[in-house]
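**Student:** Data: structure-v2.cif, mmCIF, C-alpha atoms and all ligand atoms.
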```cif
data_data
loop_
_atom_site.group_PDB
_atom_site.id
_atom_site.type_symbol
_atom_site.label_atom_id
_atom_site.label_comp_id
_atom_site.auth_asym_id
_atom_site.auth_seq_id
_atom_site.Cartn_x
_atom_site.Cartn_y
_atom_site.Cartn_z
ATOM 1 C CA MET A 1 72.127 168.179 28.165
ATOM 2 C CA VAL A 2 73.681 166.178 31.020
ATOM 3 C CA ARG A 3 73.228 166.799 34.697
ATOM 4 C CA ALA A 4 74.492 164.537 37.445
ATOM 5 C CA SER A 5 73.762 165.243 41.056
ATOM 6 C CA ARG A 6 75.546 163.322 43.814
ATOM 7 C CA VAL A 7 75.748 160.139 41.743
ATOM 8 C CA ARG A 8 76.896 157.095 43.714
ATOM 9 C CA LYS A 9 77.851 153.681 42.453
ATOM 10 C CA SER A 10 79.264 150.646 44.238
ATOM 11 C CA TYR A 11 80.537 147.294 43.120
ATOM 12 C CA GLY A 12 79.896 145.046 46.079
ATOM 13 C CA ARG A 13 81.301 146.896 49.052
ATOM 14 C CA THR A 14 83.564 149.154 47.012
ATOM 15 C CA GLU A 15 82.129 152.558 46.298
ATOM 16 C CA VAL A 16 83.621 153.649 42.976
ATOM 17 C CA LEU A 17 81.541 156.817 42.462
ATOM 18 C CA ARG A 18 81.206 158.830 45.621
ATOM 19 C CA GLY A 19 78.797 161.625 44.850
ATOM 20 C CA ILE A 20 79.517 162.954 41.377
ATOM 21 C CA ASP A 21 78.172 166.368 40.358
ATOM 22 C CA PHE A 22 78.584 167.146 36.694
ATOM 23 C CA GLU A 23 76.968 169.304 34.016
ATOM 24 C CA VAL A 24 77.236 169.698 30.270
ATOM 25 C CA ARG A 25 75.289 172.296 28.363
ATOM 26 C CA PRO A 26 74.012 171.675 24.818
ATOM 27 C CA GLY A 27 76.773 172.043 22.259
ATOM 28 C CA GLU A 28 79.555 171.776 24.802
ATOM 29 C CA VAL A 29 82.467 169.366 24.906
ATOM 30 C CA ALA A 30 83.249 168.173 28.416
ATOM 31 C CA CYS A 31 86.520 166.320 28.918
ATOM 32 C CA LEU A 32 86.980 163.913 31.802
ATOM 33 C CA ILE A 33 90.486 163.181 32.981
ATOM 34 C CA GLY A 34 91.964 161.286 35.897
ATOM 35 C CA PRO A 35 94.086 158.310 36.866
ATOM 36 C CA SER A 36 93.200 154.744 35.957
ATOM 37 C CA GLY A 37 90.564 153.362 38.311
ATOM 38 C CA SER A 38 89.191 156.779 39.288
ATOM 39 C CA GLY A 39 85.725 155.904 37.954
ATOM 40 C CA LYS A 40 85.666 157.707 34.591
ATOM 41 C CA SER A 41 84.358 154.746 32.579
ATOM 42 C CA THR A 42 81.888 153.806 35.283
ATOM 43 C CA PHE A 43 80.516 157.331 35.265
ATOM 44 C CA LEU A 44 80.157 157.365 31.468
ATOM 45 C CA ARG A 45 78.349 154.038 31.662
ATOM 46 C CA CYS A 46 75.965 155.497 34.228
ATOM 47 C CA ILE A 47 75.075 158.307 31.821
ATOM 48 C CA ASN A 48 73.463 155.810 29.460
ATOM 49 C CA HIS A 49 72.356 153.463 32.216
ATOM 50 C CA LEU A 50 74.692 150.633 31.359
ATOM 51 C CA GLU A 51 75.113 150.738 35.138
ATOM 52 C CA THR A 52 72.486 151.215 37.804
ATOM 53 C CA ILE A 53 73.228 153.859 40.438
ATOM 54 C CA GLU A 54 72.757 153.613 44.173
ATOM 55 C CA GLY A 55 72.351 157.275 44.901
ATOM 56 C CA GLY A 56 71.840 160.657 43.325
ATOM 57 C CA ARG A 57 70.167 161.498 40.050
ATOM 58 C CA LEU A 58 71.200 161.743 36.442
ATOM 59 C CA TRP A 59 69.359 163.577 33.685
ATOM 60 C CA VAL A 60 70.011 163.630 29.948
ATOM 61 C CA ASP A 61 68.177 166.226 27.903
ATOM 62 C CA GLY A 62 65.860 166.874 30.839
ATOM 63 C CA GLN A 63 64.921 163.200 31.302
ATOM 64 C CA LEU A 64 65.793 161.204 34.378
ATOM 65 C CA VAL A 65 68.096 158.411 33.149
ATOM 66 C CA GLY A 66 67.105 154.830 33.897
ATOM 67 C CA TYR A 67 64.466 155.648 36.472
ATOM 68 C CA ARG A 68 61.141 157.331 36.960
ATOM 69 C CA GLN A 69 60.231 159.238 40.025
ATOM 70 C CA LYS A 70 56.935 158.873 41.838
ATOM 71 C CA GLY A 71 56.622 161.040 44.914
ATOM 72 C CA ASP A 72 59.858 160.574 46.830
ATOM 73 C CA LYS A 73 60.604 157.163 45.401
ATOM 74 C CA ILE A 74 62.367 156.195 42.218
ATOM 75 C CA TYR A 75 61.772 153.045 40.214
ATOM 76 C CA GLU A 76 64.016 151.569 37.558
ATOM 77 C CA LEU A 77 62.562 151.835 34.068
ATOM 78 C CA ARG A 78 61.575 148.773 32.070
ATOM 79 C CA PRO A 79 64.290 147.482 29.698
ATOM 80 C CA ARG A 80 62.311 148.715 26.729
ATOM 81 C CA ASP A 81 62.246 152.282 28.110
ATOM 82 C CA VAL A 82 65.921 152.134 29.013
ATOM 83 C CA ALA A 83 66.660 151.034 25.449
ATOM 84 C CA ALA A 84 64.667 153.977 24.088
ATOM 85 C CA GLN A 85 66.689 156.393 26.217
ATOM 86 C CA ARG A 86 69.959 154.768 25.257
ATOM 87 C CA ARG A 87 69.187 155.121 21.572
ATOM 88 C CA ARG A 88 69.489 158.879 22.018
ATOM 89 C CA ILE A 89 73.061 158.589 23.315
ATOM 90 C CA GLY A 90 75.925 157.575 21.059
ATOM 91 C CA MET A 91 78.847 155.789 22.668
ATOM 92 C CA VAL A 92 82.335 155.158 21.350
ATOM 93 C CA PHE A 93 84.683 152.850 23.235
ATOM 94 C CA GLN A 94 88.420 152.413 23.397
ATOM 95 C CA ARG A 95 88.098 149.147 21.465
ATOM 96 C CA PHE A 96 85.951 149.838 18.488
ATOM 97 C CA ASN A 97 83.487 146.976 19.047
ATOM 98 C CA LEU A 98 82.466 146.800 15.400
ATOM 99 C CA PHE A 99 80.617 143.725 14.165
ATOM 100 C CA SER A 100 83.470 141.911 12.428
ATOM 101 C CA HIS A 101 81.236 139.803 10.180
ATOM 102 C CA MET A 102 79.449 142.844 8.777
ATOM 103 C CA THR A 103 80.677 145.354 6.225
ATOM 104 C CA VAL A 104 81.243 148.967 7.207
ATOM 105 C CA LEU A 105 77.890 149.898 5.651
ATOM 106 C CA GLN A 106 76.063 147.100 7.486
ATOM 107 C CA ASN A 107 77.669 148.137 10.760
ATOM 108 C CA ILE A 108 76.336 151.661 10.316
ATOM 109 C CA THR A 109 72.846 150.818 9.027
ATOM 110 C CA HIS A 110 72.177 147.923 11.422
ATOM 111 C CA ALA A 111 70.656 149.862 14.327
ATOM 112 C CA PRO A 112 68.783 152.504 12.307
ATOM 113 C CA VAL A 113 66.998 149.764 10.333
ATOM 114 C CA LEU A 114 66.526 147.279 13.164
ATOM 115 C CA VAL A 115 65.507 149.570 16.005
ATOM 116 C CA GLY A 116 65.228 153.013 14.425
ATOM 117 C CA GLY A 117 62.549 151.996 11.943
ATOM 118 C CA GLU A 118 64.396 153.512 8.986
ATOM 119 C CA THR A 119 64.085 152.074 5.500
ATOM 120 C CA LYS A 120 67.210 150.373 4.165
ATOM 121 C CA ALA A 121 67.502 153.000 1.452
ATOM 122 C CA ALA A 122 67.299 155.915 3.897
ATOM 123 C CA ALA A 123 69.734 154.297 6.303
ATOM 124 C CA ARG A 124 72.147 153.620 3.460
ATOM 125 C CA ALA A 125 71.996 157.192 2.181
ATOM 126 C CA HIS A 126 72.639 158.520 5.682
ATOM 127 C CA ALA A 127 75.483 156.031 6.222
ATOM 128 C CA LEU A 128 77.213 157.177 3.044
ATOM 129 C CA GLN A 129 76.971 160.790 4.240
ATOM 130 C CA LEU A 130 78.428 159.797 7.587
ATOM 131 C CA LEU A 131 81.280 157.941 5.914
ATOM 132 C CA GLU A 132 82.096 161.091 3.996
ATOM 133 C CA ARG A 133 82.015 163.037 7.236
ATOM 134 C CA VAL A 134 84.541 160.715 8.896
ATOM 135 C CA GLY A 135 86.740 160.681 5.806
ATOM 136 C CA LEU A 136 85.975 157.144 4.657
ATOM 137 C CA THR A 137 84.162 157.650 1.382
ATOM 138 C CA GLY A 138 84.375 154.494 -0.712
ATOM 139 C CA ARG A 139 85.077 152.117 2.185
ATOM 140 C CA ASP A 140 81.450 151.073 2.701
ATOM 141 C CA LYS A 141 82.000 147.532 1.407
ATOM 142 C CA ALA A 142 85.121 146.852 3.483
ATOM 143 C CA TYR A 143 85.088 144.605 6.538
ATOM 144 C CA PRO A 144 86.485 145.950 9.826
ATOM 145 C CA GLY A 145 89.438 143.550 9.636
ATOM 146 C CA GLN A 146 90.551 145.211 6.422
ATOM 147 C CA LEU A 147 90.809 148.638 8.057
ATOM 148 C CA SER A 148 93.404 150.270 10.287
ATOM 149 C CA GLY A 149 92.552 150.969 13.925
ATOM 150 C CA GLY A 150 92.058 154.643 13.152
ATOM 151 C CA GLN A 151 89.691 153.823 10.300
ATOM 152 C CA GLN A 152 87.770 151.344 12.467
ATOM 153 C CA GLN A 153 87.352 153.944 15.171
ATOM 154 C CA ARG A 154 86.051 156.412 12.601
ATOM 155 C CA VAL A 155 83.529 153.796 11.469
ATOM 156 C CA ALA A 156 82.543 153.333 15.121
ATOM 157 C CA ILE A 157 81.913 157.084 15.354
ATOM 158 C CA ALA A 158 79.832 156.997 12.158
ATOM 159 C CA ARG A 159 77.879 154.056 13.541
ATOM 160 C CA ALA A 160 77.120 155.940 16.754
ATOM 161 C CA LEU A 161 76.046 159.009 14.754
ATOM 162 C CA ALA A 162 73.694 156.946 12.595
ATOM 163 C CA MET A 163 71.002 157.100 15.278
ATOM 164 C CA ARG A 164 71.247 160.909 15.253
ATOM 165 C CA PRO A 165 71.938 161.155 18.990
ATOM 166 C CA PRO A 166 71.911 164.601 20.609
ATOM 167 C CA LEU A 167 74.705 163.422 22.918
ATOM 168 C CA MET A 168 77.903 161.465 22.263
ATOM 169 C CA LEU A 169 80.027 159.734 24.902
ATOM 170 C CA PHE A 170 83.641 158.791 24.162
ATOM 171 C CA ASP A 171 85.639 156.526 26.454
ATOM 172 C CA GLU A 172 89.331 156.931 25.635
ATOM 173 C CA PRO A 173 88.634 156.718 21.908
ATOM 174 C CA THR A 174 92.297 156.967 20.925
ATOM 175 C CA SER A 175 93.978 154.987 23.701
ATOM 176 C CA ALA A 176 94.132 151.722 21.757
ATOM 177 C CA LEU A 177 95.551 153.326 18.623
ATOM 178 C CA ASP A 178 99.071 153.479 17.281
ATOM 179 C CA PRO A 179 100.325 157.035 17.816
ATOM 180 C CA GLU A 180 100.294 157.924 14.129
ATOM 181 C CA LEU A 181 96.550 157.089 13.927
ATOM 182 C CA VAL A 182 95.450 159.217 16.871
ATOM 183 C CA GLY A 183 95.311 162.472 14.904
ATOM 184 C CA GLU A 184 92.778 161.321 12.309
ATOM 185 C CA VAL A 185 90.308 160.269 15.015
ATOM 186 C CA LEU A 186 90.759 163.482 17.004
ATOM 187 C CA GLU A 187 90.230 165.438 13.792
ATOM 188 C CA VAL A 188 86.827 163.778 13.291
ATOM 189 C CA MET A 189 85.920 164.566 16.903
ATOM 190 C CA ARG A 190 87.077 168.157 16.507
ATOM 191 C CA ASP A 191 84.866 168.437 13.434
ATOM 192 C CA LEU A 192 81.869 167.048 15.338
ATOM 193 C CA ALA A 193 82.440 169.551 18.110
ATOM 194 C CA ARG A 194 82.617 172.378 15.578
ATOM 195 C CA ASP A 195 79.243 171.260 14.238
ATOM 196 C CA GLY A 196 77.768 171.709 17.714
ATOM 197 C CA MET A 197 77.565 168.130 18.967
ATOM 198 C CA THR A 198 77.359 167.777 22.739
ATOM 199 C CA MET A 199 80.138 165.440 23.826
ATOM 200 C CA VAL A 200 81.549 163.907 26.985
ATOM 201 C CA VAL A 201 85.071 162.689 26.300
ATOM 202 C CA VAL A 202 87.252 160.635 28.612
ATOM 203 C CA THR A 203 90.727 161.269 27.291
ATOM 204 C CA HIS A 204 94.412 161.497 28.050
ATOM 205 C CA GLU A 205 94.905 163.814 25.075
ATOM 206 C CA MET A 206 95.500 167.052 26.954
ATOM 207 C CA GLY A 207 96.080 168.985 23.719
ATOM 208 C CA PHE A 208 92.618 167.983 22.535
ATOM 209 C CA ALA A 209 91.067 168.796 25.913
ATOM 210 C CA LYS A 210 92.603 172.250 25.846
ATOM 211 C CA GLU A 211 91.792 173.061 22.252
ATOM 212 C CA VAL A 212 88.331 171.499 21.875
ATOM 213 C CA GLY A 213 87.041 171.169 25.425
ATOM 214 C CA ASP A 214 84.693 173.710 26.941
ATOM 215 C CA SER A 215 85.349 172.188 30.334
ATOM 216 C CA VAL A 216 87.769 169.772 31.945
ATOM 217 C CA THR A 217 86.797 167.699 34.956
ATOM 218 C CA PHE A 218 89.465 165.929 36.971
ATOM 219 C CA MET A 219 88.311 162.815 38.819
ATOM 220 C CA ASP A 220 90.168 160.817 41.445
ATOM 221 C CA GLU A 221 88.986 157.966 43.653
ATOM 222 C CA GLY A 222 85.376 158.300 42.551
ATOM 223 C CA MET A 223 85.135 162.021 43.183
ATOM 224 C CA VAL A 224 85.322 165.192 41.139
ATOM 225 C CA ILE A 225 88.378 166.979 42.473
ATOM 226 C CA GLU A 226 88.084 169.997 40.238
ATOM 227 C CA SER A 227 86.253 171.158 37.165
ATOM 228 C CA GLY A 228 86.387 174.274 35.070
ATOM 229 C CA ALA A 229 87.693 175.911 31.923
ATOM 230 C CA PRO A 230 90.472 173.818 30.349
ATOM 231 C CA SER A 231 92.998 176.627 30.732
ATOM 232 C CA ASP A 232 92.224 176.907 34.459
ATOM 233 C CA VAL A 233 92.258 173.202 35.286
ATOM 234 C CA LEU A 234 95.193 172.243 33.065
ATOM 235 C CA ASP A 235 97.426 175.312 33.420
ATOM 236 C CA ASN A 236 96.527 176.462 36.870
ATOM 237 C CA PRO A 237 95.163 173.527 38.897
ATOM 238 C CA GLN A 238 93.998 174.365 42.388
ATOM 239 C CA HIS A 239 94.441 170.956 43.958
ATOM 240 C CA GLU A 240 97.580 169.033 44.729
ATOM 241 C CA ARG A 241 96.077 165.812 43.351
ATOM 242 C CA THR A 242 95.367 167.493 40.003
ATOM 243 C CA ARG A 243 98.890 168.912 39.867
ATOM 244 C CA SER A 244 100.385 165.549 40.664
ATOM 245 C CA PHE A 245 98.311 163.797 37.977
ATOM 246 C CA LEU A 246 99.106 166.422 35.338
ATOM 247 C CA SER A 247 102.813 166.306 36.096
ATOM 248 C CA LYS A 248 102.709 162.608 35.175
ATOM 249 C CA VAL A 249 100.749 162.925 31.931
ATOM 250 C CA LEU A 250 101.973 166.209 30.457
HETATM 251 P P1 LIG A 301 88.636 154.447 35.012
HETATM 252 O O1 LIG A 301 87.811 154.386 33.770
HETATM 253 O O2 LIG A 301 88.766 155.822 35.558
HETATM 254 O O3 LIG A 301 89.973 153.809 34.827
HETATM 255 P P2 LIG A 301 86.710 152.564 36.072
HETATM 256 O O4 LIG A 301 85.415 153.290 36.047
HETATM 257 O O5 LIG A 301 86.940 151.592 34.971
HETATM 258 O O6 LIG A 301 87.903 153.623 36.146
HETATM 259 O O7 LIG A 301 86.858 151.796 37.423
HETATM 260 C C1 LIG A 301 86.642 152.385 38.692
HETATM 261 C C2 LIG A 301 86.798 151.327 39.764
HETATM 262 O O8 LIG A 301 85.732 150.403 39.683
HETATM 263 C C3 LIG A 301 88.079 150.524 39.655
HETATM 264 O O9 LIG A 301 88.555 150.292 40.951
HETATM 265 C C4 LIG A 301 87.631 149.244 39.017
HETATM 266 O O10 LIG A 301 88.444 148.173 39.407
HETATM 267 C C5 LIG A 301 86.218 149.083 39.531
HETATM 268 N N1 LIG A 301 85.331 148.374 38.608
HETATM 269 C C6 LIG A 301 85.017 148.761 37.351
HETATM 270 N N2 LIG A 301 84.141 147.919 36.780
HETATM 271 C C7 LIG A 301 83.876 146.952 37.707
HETATM 272 C C8 LIG A 301 83.040 145.798 37.728
HETATM 273 N N3 LIG A 301 82.268 145.475 36.679
HETATM 274 N N4 LIG A 301 83.034 145.046 38.865
HETATM 275 C C9 LIG A 301 83.782 145.396 39.925
HETATM 276 N N5 LIG A 301 84.588 146.474 39.969
HETATM 277 C C10 LIG A 301 84.646 147.247 38.881
HETATM 278 MG MG MG A 302 88.251 153.715 31.860
#
```
Once you've parsed the file, please lay out its structure as structure tokens.
**Tutor:**
Amino acid sequence: MVRASRVRKSYGRTEVLRGIDFEVRPGEVACLIGPSGSGKSTFLRCINHLETIEGGRLWVDGQLVGYRQKGDKIYELRPRDVAAQRRRIGMVFQRFNLFSHMTVLQNITHAPVLVGGETKAAARAHALQLLERVGLTGRDKAYPGQLSGGQQQRVAIARALAMRPPLMLFDEPTSALDPELVGEVLEVMRDLARDGMTMVVVTHEMGFAKEVGDSVTFMDEGMVIESGAPSDVLDNPQHERTRSFLSKVL
């Protein structure tokens, strides 16, 4: 579902991704861990071409992301084609980024109606199903400001799912939440994983990574230091940098 090969990204003269190799098979949950500034968010943003890349290749569902290849050369896709690719990838951020002037229902149906070509009735019916799935039945008329952080994040997940993406990206989805609200969001993610959703999750929740993850990838300074089964990487890390990081977060 996702394949990255030697992906490089710089901001000005600073190279923040220095040749990332990464793979996620359909139905798998891949967790990305690593210290602040190691390039986790940048890498996630490359997967849906919110960032251009300077080297390497990235594929989602067999399609080259953001570019087309002609002979040896690659060309960036037109904005319209990038948008079409991005529609197939759901993204959930640390800060929920809901539209504050829209109700929960409007937040969820906005994209399907506007860019997905769904009828309002179909989008509404799907939104109500999604609200049930994230445990928010009956909150469709609420505004984001009337909800807790955990509830807002669950709406954000429902909104991302509304476009029926085959791939979901999560960037520290619980980091901005009060501790007592973390569990309800992880529970929704666990449920999604159980249903077979392919997910890439940047997280500091090692319990979640171990229980739900099919793989854990540790990044540091723009590189993948090690990657493997959660039990191997988290319980028996092979690299000093991984050990040092884990000793600080566990
Ligand atoms: P992480 O998510 O692992 O904390 P980031 O991907 O956010 O790391 O950042 C990786 C590095 O890239 C950091 O050094 C950060 O300061 C830098 N960086 C991120 N975004 C930008 C940007 N838009 N412009 C310049 N530097 C950036
Ligand atoms: Mg980040």
**Student:** List every residue of chain A that has an atom at most 12 Å from any atom of ligand LIG 301 (chain A), giving for each one its closest atom pair and the distance in Å to one decimal, counting only C-alpha atoms and all ligand atoms, sorted by chain and then by ascending residue number, as a tab-separated table.
**Tutor:**
```
residue	atom	partner	partner_atom	distance
A:Arg8	CA	A:LIG301	O8	11.8
A:Lys9	CA	A:LIG301	O8	9.0
A:Ser10	CA	A:LIG301	O8	7.9
A:Tyr11	CA	A:LIG301	C9	4.9
A:Gly12	CA	A:LIG301	C9	7.3
A:Arg13	CA	A:LIG301	C9	9.6
A:Thr14	CA	A:LIG301	N5	7.6
A:Glu15	CA	A:LIG301	O8	7.8
A:Val16	CA	A:LIG301	C2	5.1
A:Leu17	CA	A:LIG301	C1	7.7
A:Arg18	CA	A:LIG301	C1	10.9
A:Leu32	CA	A:LIG301	O2	9.1
A:Ile33	CA	A:LIG301	O2	8.0
A:Gly34	CA	A:LIG301	O2	6.3
A:Pro35	CA	A:LIG301	O2	6.0
A:Ser36	CA	A:LIG301	O3	3.5
A:Gly37	CA	A:LIG301	O6	3.4
A:Ser38	CA	A:LIG301	O2	3.9
A:Gly39	CA	A:LIG301	O4	3.3
A:Lys40	CA	A:LIG301	O2	3.8
A:Ser41	CA	A:LIG301	O1	3.7
A:Thr42	CA	A:LIG301	O4	3.6
A:Phe43	CA	A:LIG301	O4	6.4
A:Leu44	CA	A:LIG301	O4	8.1
A:Arg45	CA	A:LIG301	O4	8.3
A:Cys46	CA	A:LIG301	O4	9.9
A:Leu50	CA	A:LIG301	N3	10.6
A:Glu51	CA	A:LIG301	N3	9.0
A:Thr52	CA	A:LIG301	N3	11.4
A:Phe93	CA	A:LIG301	O1	11.1
A:Gln94	CA	A:LIG301	O1	10.6
A:Phe170	CA	A:LIG301	O1	11.4
A:Asp171	CA	A:LIG301	O1	7.9
A:Glu172	CA	A:LIG301	O1	8.7
A:Ser175	CA	A:LIG301	O1	11.8
A:Val201	CA	A:LIG301	O1	11.5
A:Val202	CA	A:LIG301	O1	8.1
A:Thr203	CA	A:LIG301	O1	9.9
A:His204	CA	A:LIG301	O2	11.0
A:Phe218	CA	A:LIG301	O2	10.2
A:Met219	CA	A:LIG301	O2	7.7
A:Asp220	CA	A:LIG301	O2	7.8
A:Glu221	CA	A:LIG301	C1	7.8
A:Gly222	CA	A:LIG301	C1	7.2
A:Met223	CA	A:LIG301	O2	10.5
A:Val224	CA	A:LIG301	O2	11.4
```
**Student:** Between A:Asp232, A:Glu226, A:Ile47, A:Lys141, which is the closest to Asp214 of chain A once you count only C-alpha atoms?
**Tutor:** A:Asp232
**Student:** Of the candidates A:Pro173, A:Arg68, A:Ile20, A:Arg86, which shows the shortest atom-to-atom distance to ligand MG 302 (chain A), using only C-alpha atoms and all ligand atoms?
**Tutor:**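 Going through A:Pro173, A:Arg68, A:Ile20, A:Arg86 one by one, the smallest distance to ligand MG 302 (chain A) is for A:Pro173.
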**Student:** From the options A:Val155, A:Leu250, A:Val200, A:Val188, which residue's atoms come nearest to Met102 of chain A, counting all atoms listed in the file?
**Tutor:** A:Val155
**Student:** Decode the PyMOL selection byres (((chain A and resi 195) around 12) and not hetatm) for the given file into explicit residues and return them as a PyMOL selection string.
**Tutor:** chain A and resi 26-29+133+166+188-194+196-199+212
**Student:** Please provide as an MDAnalysis selection string all residues within 12 Å of segment 97-100 of chain A, with the sequence filter that same-chain residues fewer than 6 positions apart are discarded (counting only C-alpha atoms).
**Tutor:** chainID A and resid 91 106:111 142:147 149 151:160 173 176
**Student:** Would you compute the distance between atom CA of Leu130 of chain A and atom CA of Leu161 of chain A? Give it in Å to one decimal.
**Tutor:**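 Value for the atom CA of Leu130 of chain A-atom CA of Leu161 of chain A distance: 7.6 Å.
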**Student:** Of the candidates A:Met163, A:Met206, A:Val2, A:Val233, which shows the shortest atom-to-atom distance to Val65 of chain A, using all atoms listed in the file?
**Tutor:**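 Counting all atoms listed in the file, the residue closest to Val65 of chain A is A:Val2.
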**Student:** Enter the distance from atom CA of Asp81 of chain A to atom CA of Glu54 of chain A, in Å, rounded to one decimal.
**Tutor:**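 Atom-to-atom, atom CA of Asp81 of chain A to atom CA of Glu54 of chain A, that is 19.2 Å.
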**Student:** Between atom CA of Thr137 of chain A and atom CA of Gly150 of chain A, what is the spacing in Å?
**Tutor:** 14.5 Å
**Student:** Please put the answer as JSON: centre and edge lengths, in Å with one decimal, of a box along x, y and z that encloses all listed atoms of segment 111-130 of chain A plus 6 Å on each side.
**Tutor:**
```
{"center_x": 70.5, "center_y": 154.0, "center_z": 8.7, "size_x": 27.9, "size_y": 25.5, "size_z": 26.6}
```
**Student:** Write out as an MDAnalysis selection string which residues come within 7 Å of Ala4 of chain A when counting all atoms listed in the file, dropping same-chain ones fewer than 4 positions away.
**Tutor:** chainID A and resid 20:23 57:59
**Student:** Put those residues in a file: C-alpha atoms, as a PDB file, keeping the file's coordinate frame.
**Tutor:**
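See out.pdb below for the written result:
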```
ATOM      1  CA  ILE A  20      79.517 162.954  41.377  1.00  0.00           C
ATOM      2  CA  ASP A  21      78.172 166.368  40.358  1.00  0.00           C
ATOM      3  CA  PHE A  22      78.584 167.146  36.694  1.00  0.00           C
ATOM      4  CA  GLU A  23      76.968 169.304  34.016  1.00  0.00           C
ATOM      5  CA  ARG A  57      70.167 161.498  40.050  1.00  0.00           C
ATOM      6  CA  LEU A  58      71.200 161.743  36.442  1.00  0.00           C
ATOM      7  CA  TRP A  59      69.359 163.577  33.685  1.00  0.00           C
TER       8      TRP A  59
END
```
